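> One structure is given below, represented as structure tokens, and several questions about it will come after.
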Amino acid sequence: MANKIVGSLDAGPHRFAIIVSRFSDLITERLAAGARDALRRHGAGEGNITEVWVPGAWELPLAVETVAAQKSCDAIIAIGCVIRGSTPHFEYVAGEATKGVAQVSQRHGIPVALGILTTDTLEQAIERAGSKAGNKGVDAAVAAIEMVNLLAQLRK
Ligand code: INI
């Protein structure tokens with residue numbers, strides 16, 4: 001039978017950084033709260049969760065890069081909200097933010113979970129920040145936990 005390798009959802013002793021964009025903090029506060037709550041529920045110690053705030057999604061890649069380079073955490077959760085309807089330069093902000101954090105993940109070999117909402121409307125963002133479409137901050141935190149455990153196994 002095939003050898004199946006899957007990361008567990010035990011946050012254990014791992015260290016996490018939640019890096020949050022303040023722009024649209026009506027939404028990002030909820031996403032960050034969801035991420036914090038998910039980490040705690042999966043067993044992360046309070047002292048192993050660091051939260052860093054940046055002005056907007058554009059600034060996320062640099063902060064994620066700086067935290068990753070310090071090697072002071074095992075996984076990062078990037079949180080932001082870019083809404084097309086009110087952002088003429090939506091494509092640039094959303095594109096650079098998402099591409100930038102993905103590049104950091106690959107460059108440093110550290111999981112960077114994508115909790116950046118890119119939506120057409122504020123209503124769609126609200127739906128994904130703790131209402132009818134769940135909370136994408138929770139989903140990102142759970143993905144970070146799974147990936148950190150998966151990588152630990154793959155690197156054994
Ligand atoms: N930043 C966001 O995170 N979301 C947005 O929707 C947004 N809009 O609408 O412009 C936004 N802009 C700010 C940007 O991220 C930078 O903080 C700013 O340009 C300063 O560098």
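Residues in the structure tokens are numbered from 1 in each chain, the chains being A, B, ... in the order shown, and ligands are numbered from 1 in the order shown.
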Hey, which residues sit close to ligand 1? Say within 8 Å, counting only C-alpha atoms and all ligand atoms, and write them as a compact mmCIF listing (two decimals) with N, CA and C atoms, in the first residue's frame.

# COMPACT_ATOMS: atom_id res chain seq x y z
N SER A 21 -2.86 42.94 7.94
CA SER A 21 -2.98 44.27 7.32
C SER A 21 -4.13 45.04 7.98
N ARG A 22 -3.85 46.31 8.34
CA ARG A 22 -4.86 47.12 9.02
C ARG A 22 -5.94 47.65 8.08
N PHE A 23 -5.62 47.74 6.79
CA PHE A 23 -6.59 48.26 5.83
C PHE A 23 -7.84 47.36 5.85
N SER A 24 -9.00 47.98 5.92
CA SER A 24 -10.27 47.24 6.08
C SER A 24 -10.23 46.40 7.36
N VAL A 54 0.57 45.56 9.88
CA VAL A 54 1.14 46.42 8.84
C VAL A 54 0.01 47.31 8.29
N PRO A 55 0.37 48.40 7.58
CA PRO A 55 -0.70 49.33 7.13
C PRO A 55 -1.68 48.72 6.13
N GLY A 56 -1.15 48.03 5.12
CA GLY A 56 -2.04 47.49 4.08
C GLY A 56 -1.47 46.20 3.50
N ALA A 57 -2.25 45.59 2.61
CA ALA A 57 -1.83 44.32 2.02
C ALA A 57 -0.52 44.47 1.24
N TRP A 58 -0.32 45.66 0.68
CA TRP A 58 0.92 45.91 -0.07
C TRP A 58 2.15 45.67 0.80
N GLU A 59 2.05 45.98 2.09
CA GLU A 59 3.18 45.88 3.01
C GLU A 59 3.37 44.45 3.55
N GLY A 80 -5.13 39.73 5.17
CA GLY A 80 -5.42 41.01 4.55
C GLY A 80 -6.76 40.97 3.86
N CYS A 81 -7.15 42.11 3.30
CA CYS A 81 -8.44 42.19 2.59
C CYS A 81 -8.32 43.24 1.50
N VAL A 82 -8.46 42.81 0.26
CA VAL A 82 -8.41 43.74 -0.87
C VAL A 82 -9.74 43.60 -1.62
N ILE A 83 -10.45 44.73 -1.72
CA ILE A 83 -11.80 44.70 -2.30
C ILE A 83 -11.78 45.42 -3.65
N ARG A 84 -12.14 44.72 -4.70
CA ARG A 84 -12.04 45.26 -6.05
C ARG A 84 -12.89 46.52 -6.23
N SER A 86 -13.73 48.99 -4.50
CA SER A 86 -13.27 50.29 -4.04
C SER A 86 -11.78 50.48 -4.26
N THR A 87 -11.18 49.68 -5.11
CA THR A 87 -9.74 49.76 -5.30
C THR A 87 -9.39 49.80 -6.78
N PRO A 88 -9.13 50.98 -7.34
CA PRO A 88 -8.79 51.04 -8.76
C PRO A 88 -7.53 50.24 -9.07
N HIS A 89 -6.60 50.19 -8.12
CA HIS A 89 -5.36 49.45 -8.35
C HIS A 89 -5.41 48.06 -7.69
N PHE A 90 -6.62 47.52 -7.63
CA PHE A 90 -6.85 46.20 -7.03
C PHE A 90 -5.86 45.15 -7.51
N VAL A 93 -2.31 45.63 -6.02
CA VAL A 93 -2.21 45.37 -4.57
C VAL A 93 -2.44 43.88 -4.29
N ALA A 94 -3.51 43.33 -4.85
CA ALA A 94 -3.83 41.92 -4.59
C ALA A 94 -2.76 41.01 -5.19
> Hey, could you make a per-residue contact list for region 17-95 of chain A against region 126-139 of chain A with 9 Å as the cut-off, showing the nearest pair of atoms and its distance in Å to one decimal, counting only C-alpha atoms, sorted by chain and number, as a Markdown table?

| residue | atom | partner | partner_atom | distance |
| --- | --- | --- | --- | --- |
| A:Leu26 | CA | A:Ile126 | CA | 8.7 |
| A:Ile27 | CA | A:Ala129 | CA | 6.0 |
| A:Thr28 | CA | A:Ala129 | CA | 7.7 |
| A:Glu29 | CA | A:Ala129 | CA | 8.9 |
| A:Arg30 | CA | A:Ala129 | CA | 5.8 |
| A:Leu31 | CA | A:Gly137 | CA | 4.2 |
| A:Ala32 | CA | A:Gly137 | CA | 5.9 |
| A:Ala33 | CA | A:Gly137 | CA | 7.5 |
| A:Gly34 | CA | A:Val138 | CA | 4.8 |
| A:Ala35 | CA | A:Val138 | CA | 4.6 |
| A:Arg36 | CA | A:Val138 | CA | 7.9 |
| A:Asp37 | CA | A:Val138 | CA | 7.5 |
| A:Ala38 | CA | A:Val138 | CA | 5.5 |
| A:Leu39 | CA | A:Val138 | CA | 8.2 |
| A:Ile77 | CA | A:Gly137 | CA | 8.2 |
| A:Ala78 | CA | A:Gly137 | CA | 8.8 |
| A:Ile79 | CA | A:Gly137 | CA | 7.0 |
> With distances taken over only C-alpha atoms, which of A:Glu146, A:Lys156, A:Gly47, A:Ala125 is nearest to Asp25 (chain A)?
A:Ala125
> If I take CA of Ile76 (chain A) and CA of His42 (chain A), how far is one from the other in Å, to one decimal?
15.5 Å
> Go through region 40-147 of chain A and collect every residue that DSSP, computed from the backbone, puts in strand (DSSP E); the answer should be as a list of chain:residue names.
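Strand (DSSP E) assignments inside region 40-147 of chain A correspond to A:Ile49, A:Thr50, A:Glu51, A:Val52, A:Trp53, A:Val54, A:Ala75, A:Ile76, A:Ile77, A:Ala78, A:Ile79, A:Gly80, A:Cys81, A:Val82, A:Ile83, A:Val112, A:Ala113, A:Leu114, A:Gly115, A:Ile116, A:Leu117, A:Thr118, A:Thr119, A:Ala129, A:Gly130, A:Ser131, A:Gly134, A:Asn135.
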> Would you mind exporting the chosen residues as a short mmCIF file (atom, residue, chain, number, x, y, z; two decimals), in the first residue's frame, restricted to N, CA and C atoms?

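Written output follows (selection-v9.cif):
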data_model
loop_
_atom_site.label_atom_id
_atom_site.label_comp_id
_atom_site.auth_asym_id
_atom_site.auth_seq_id
_atom_site.Cartn_x
_atom_site.Cartn_y
_atom_site.Cartn_z
N ILE A 49 2.49 32.51 19.96
CA ILE A 49 1.74 33.23 18.92
C ILE A 49 2.16 34.70 18.97
N THR A 50 2.70 35.19 17.86
CA THR A 50 3.10 36.60 17.75
C THR A 50 2.23 37.24 16.68
N GLU A 51 1.74 38.45 16.97
CA GLU A 51 0.90 39.16 15.98
C GLU A 51 1.61 40.45 15.57
N VAL A 52 1.69 40.66 14.28
CA VAL A 52 2.36 41.85 13.73
C VAL A 52 1.36 42.55 12.81
N TRP A 53 1.24 43.89 12.95
CA TRP A 53 0.30 44.63 12.11
C TRP A 53 1.05 45.51 11.11
N VAL A 54 0.57 45.56 9.88
CA VAL A 54 1.14 46.42 8.84
C VAL A 54 0.01 47.31 8.29
N ALA A 75 5.80 28.93 11.26
CA ALA A 75 4.81 29.14 10.21
C ALA A 75 4.23 30.55 10.37
N ILE A 76 3.83 31.10 9.24
CA ILE A 76 3.29 32.46 9.23
C ILE A 76 1.89 32.42 8.61
N ILE A 77 1.01 33.25 9.15
CA ILE A 77 -0.34 33.39 8.58
C ILE A 77 -0.46 34.84 8.14
N ALA A 78 -0.61 35.05 6.84
CA ALA A 78 -0.71 36.42 6.29
C ALA A 78 -2.19 36.76 6.12
N ILE A 79 -2.60 37.88 6.73
CA ILE A 79 -4.02 38.26 6.73
C ILE A 79 -4.19 39.64 6.10
N GLY A 80 -5.13 39.73 5.17
CA GLY A 80 -5.42 41.01 4.55
C GLY A 80 -6.76 40.97 3.86
N CYS A 81 -7.15 42.11 3.30
CA CYS A 81 -8.44 42.19 2.59
C CYS A 81 -8.32 43.24 1.50
N VAL A 82 -8.46 42.81 0.26
CA VAL A 82 -8.41 43.74 -0.87
C VAL A 82 -9.74 43.60 -1.62
N ILE A 83 -10.45 44.73 -1.72
CA ILE A 83 -11.80 44.70 -2.30
C ILE A 83 -11.78 45.42 -3.65
N VAL A 112 3.67 29.71 4.66
CA VAL A 112 3.01 31.02 4.81
C VAL A 112 1.58 30.82 4.30
N ALA A 113 0.64 30.74 5.23
CA ALA A 113 -0.74 30.48 4.85
C ALA A 113 -1.39 31.76 4.34
N LEU A 114 -2.19 31.60 3.30
CA LEU A 114 -2.80 32.76 2.63
C LEU A 114 -4.17 33.06 3.24
N GLY A 115 -4.18 34.10 4.06
CA GLY A 115 -5.45 34.57 4.63
C GLY A 115 -5.77 35.95 4.09
N ILE A 116 -5.45 36.17 2.83
CA ILE A 116 -5.71 37.48 2.20
C ILE A 116 -6.97 37.33 1.34
N LEU A 117 -8.03 38.02 1.74
CA LEU A 117 -9.25 37.99 0.94
C LEU A 117 -9.08 38.90 -0.26
N THR A 118 -9.48 38.45 -1.42
CA THR A 118 -9.53 39.31 -2.62
C THR A 118 -10.95 39.14 -3.16
N THR A 119 -11.77 40.13 -2.94
CA THR A 119 -13.19 40.00 -3.29
C THR A 119 -13.65 41.16 -4.17
N ALA A 129 -15.51 36.47 6.55
CA ALA A 129 -14.83 36.91 7.78
C ALA A 129 -15.66 36.57 9.01
N GLY A 130 -16.32 35.44 8.96
CA GLY A 130 -17.04 34.99 10.15
C GLY A 130 -18.54 34.97 9.97
N SER A 131 -19.01 34.94 8.72
CA SER A 131 -20.46 34.76 8.54
C SER A 131 -20.71 33.59 7.61
N GLY A 134 -17.98 31.16 6.36
CA GLY A 134 -16.97 30.79 7.35
C GLY A 134 -16.01 31.92 7.65
N ASN A 135 -14.82 31.55 8.11
CA ASN A 135 -13.81 32.56 8.46
C ASN A 135 -12.49 32.10 7.84
#
> Would you return as a PyMOL selection string the members of region 54-124 of chain A that DSSP assigns to helix (DSSP H, G or I) on this structure's backbone?
chain A and resi 57-70+84-86+90-108+122-124
> May I have the residues within 8 Å of Leu9 (chain A) as an NGL selection string, using only C-alpha atoms and disregarding those fewer than 2 positions away in the same chain?
:A and (7 or 11 or 42 or 142 or 145-146 or 149)
> Pull all heavy atoms from the residues just selected and write them as a PDB file, in the first residue's frame.

ATOM      1  N   GLY A   7       0.105  15.899   7.338  1.00  0.00           N
ATOM      2  CA  GLY A   7       0.412  16.670   8.537  1.00  0.00           C
ATOM      3  C   GLY A   7      -0.749  16.636   9.520  1.00  0.00           C
ATOM      4  O   GLY A   7      -1.915  16.719   9.115  1.00  0.00           O
ATOM      5  N   ALA A  11      -1.092  21.844  16.929  1.00  0.00           N
ATOM      6  CA  ALA A  11      -0.176  23.000  16.860  1.00  0.00           C
ATOM      7  C   ALA A  11       1.051  22.794  17.743  1.00  0.00           C
ATOM      8  O   ALA A  11       2.100  23.406  17.508  1.00  0.00           O
ATOM      9  CB  ALA A  11      -0.906  24.282  17.256  1.00  0.00           C
ATOM     10  N   HIS A  42      -6.244  24.445  18.628  1.00  0.00           N
ATOM     11  CA  HIS A  42      -5.435  23.301  18.182  1.00  0.00           C
ATOM     12  C   HIS A  42      -4.193  23.123  19.047  1.00  0.00           C
ATOM     13  O   HIS A  42      -3.297  22.376  18.687  1.00  0.00           O
ATOM     14  CB  HIS A  42      -5.080  23.461  16.695  1.00  0.00           C
ATOM     15  CG  HIS A  42      -6.260  23.203  15.788  1.00  0.00           C
ATOM     16  ND1 HIS A  42      -6.579  21.951  15.313  1.00  0.00           N
ATOM     17  CD2 HIS A  42      -7.217  24.035  15.319  1.00  0.00           C
ATOM     18  CE1 HIS A  42      -7.679  22.021  14.571  1.00  0.00           C
ATOM     19  NE2 HIS A  42      -8.091  23.284  14.552  1.00  0.00           N
ATOM     20  N   VAL A 142      -5.426  26.827  10.235  1.00  0.00           N
ATOM     21  CA  VAL A 142      -5.444  25.350  10.213  1.00  0.00           C
ATOM     22  C   VAL A 142      -4.488  24.836   9.131  1.00  0.00           C
ATOM     23  O   VAL A 142      -3.751  23.856   9.337  1.00  0.00           O
ATOM     24  CB  VAL A 142      -6.887  24.829  10.029  1.00  0.00           C
ATOM     25  CG1 VAL A 142      -6.901  23.322   9.812  1.00  0.00           C
ATOM     26  CG2 VAL A 142      -7.749  25.194  11.236  1.00  0.00           C
ATOM     27  N   ILE A 145      -0.943  25.043  10.461  1.00  0.00           N
ATOM     28  CA  ILE A 145      -0.646  23.956  11.414  1.00  0.00           C
ATOM     29  C   ILE A 145      -0.352  22.659  10.652  1.00  0.00           C
ATOM     30  O   ILE A 145       0.628  21.954  10.918  1.00  0.00           O
ATOM     31  CB  ILE A 145      -1.824  23.740  12.396  1.00  0.00           C
ATOM     32  CG1 ILE A 145      -2.043  24.981  13.261  1.00  0.00           C
ATOM     33  CG2 ILE A 145      -1.585  22.504  13.263  1.00  0.00           C
ATOM     34  CD1 ILE A 145      -3.375  24.991  14.009  1.00  0.00           C
ATOM     35  N   GLU A 146      -1.229  22.345   9.691  1.00  0.00           N
ATOM     36  CA  GLU A 146      -1.036  21.111   8.923  1.00  0.00           C
ATOM     37  C   GLU A 146       0.307  21.128   8.190  1.00  0.00           C
ATOM     38  O   GLU A 146       1.053  20.147   8.190  1.00  0.00           O
ATOM     39  CB  GLU A 146      -2.187  20.911   7.924  1.00  0.00           C
ATOM     40  CG  GLU A 146      -2.027  19.629   7.134  1.00  0.00           C
ATOM     41  CD  GLU A 146      -3.233  19.273   6.275  1.00  0.00           C
ATOM     42  OE1 GLU A 146      -4.320  19.852   6.479  1.00  0.00           O
ATOM     43  OE2 GLU A 146      -3.071  18.414   5.392  1.00  0.00           O
ATOM     44  N   ASN A 149       3.442  20.640  10.416  1.00  0.00           N
ATOM     45  CA  ASN A 149       3.602  19.235  10.809  1.00  0.00           C
ATOM     46  C   ASN A 149       4.008  18.360   9.623  1.00  0.00           C
ATOM     47  O   ASN A 149       4.821  17.440   9.760  1.00  0.00           O
ATOM     48  CB  ASN A 149       2.317  18.726  11.455  1.00  0.00           C
ATOM     49  CG  ASN A 149       2.157  19.269  12.869  1.00  0.00           C
ATOM     50  OD1 ASN A 149       3.080  19.208  13.668  1.00  0.00           O
ATOM     51  ND2 ASN A 149       0.993  19.827  13.175  1.00  0.00           N
TER      52      ASN A 149
END
> When distances are computed from only C-alpha atoms, which of A:Glu65, A:Ile5, A:Arg15, A:Asp10 shows the smallest separation from Gln106 (chain A)?
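With only C-alpha atoms as the atom set, the closest residue is A:Glu65.
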> Would you pick out the contacts of Lys71 (chain A) at 10 Å or less, using only C-alpha atoms, so that residues sharing its chain but fewer than 3 positions from it are not included, and give the list as a list in words?
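Final neighbour list, sorted by chain and number: Arg15, Thr66, Val67, Ala68, Asp74, Ala75, His108 and Ile110 of chain A.
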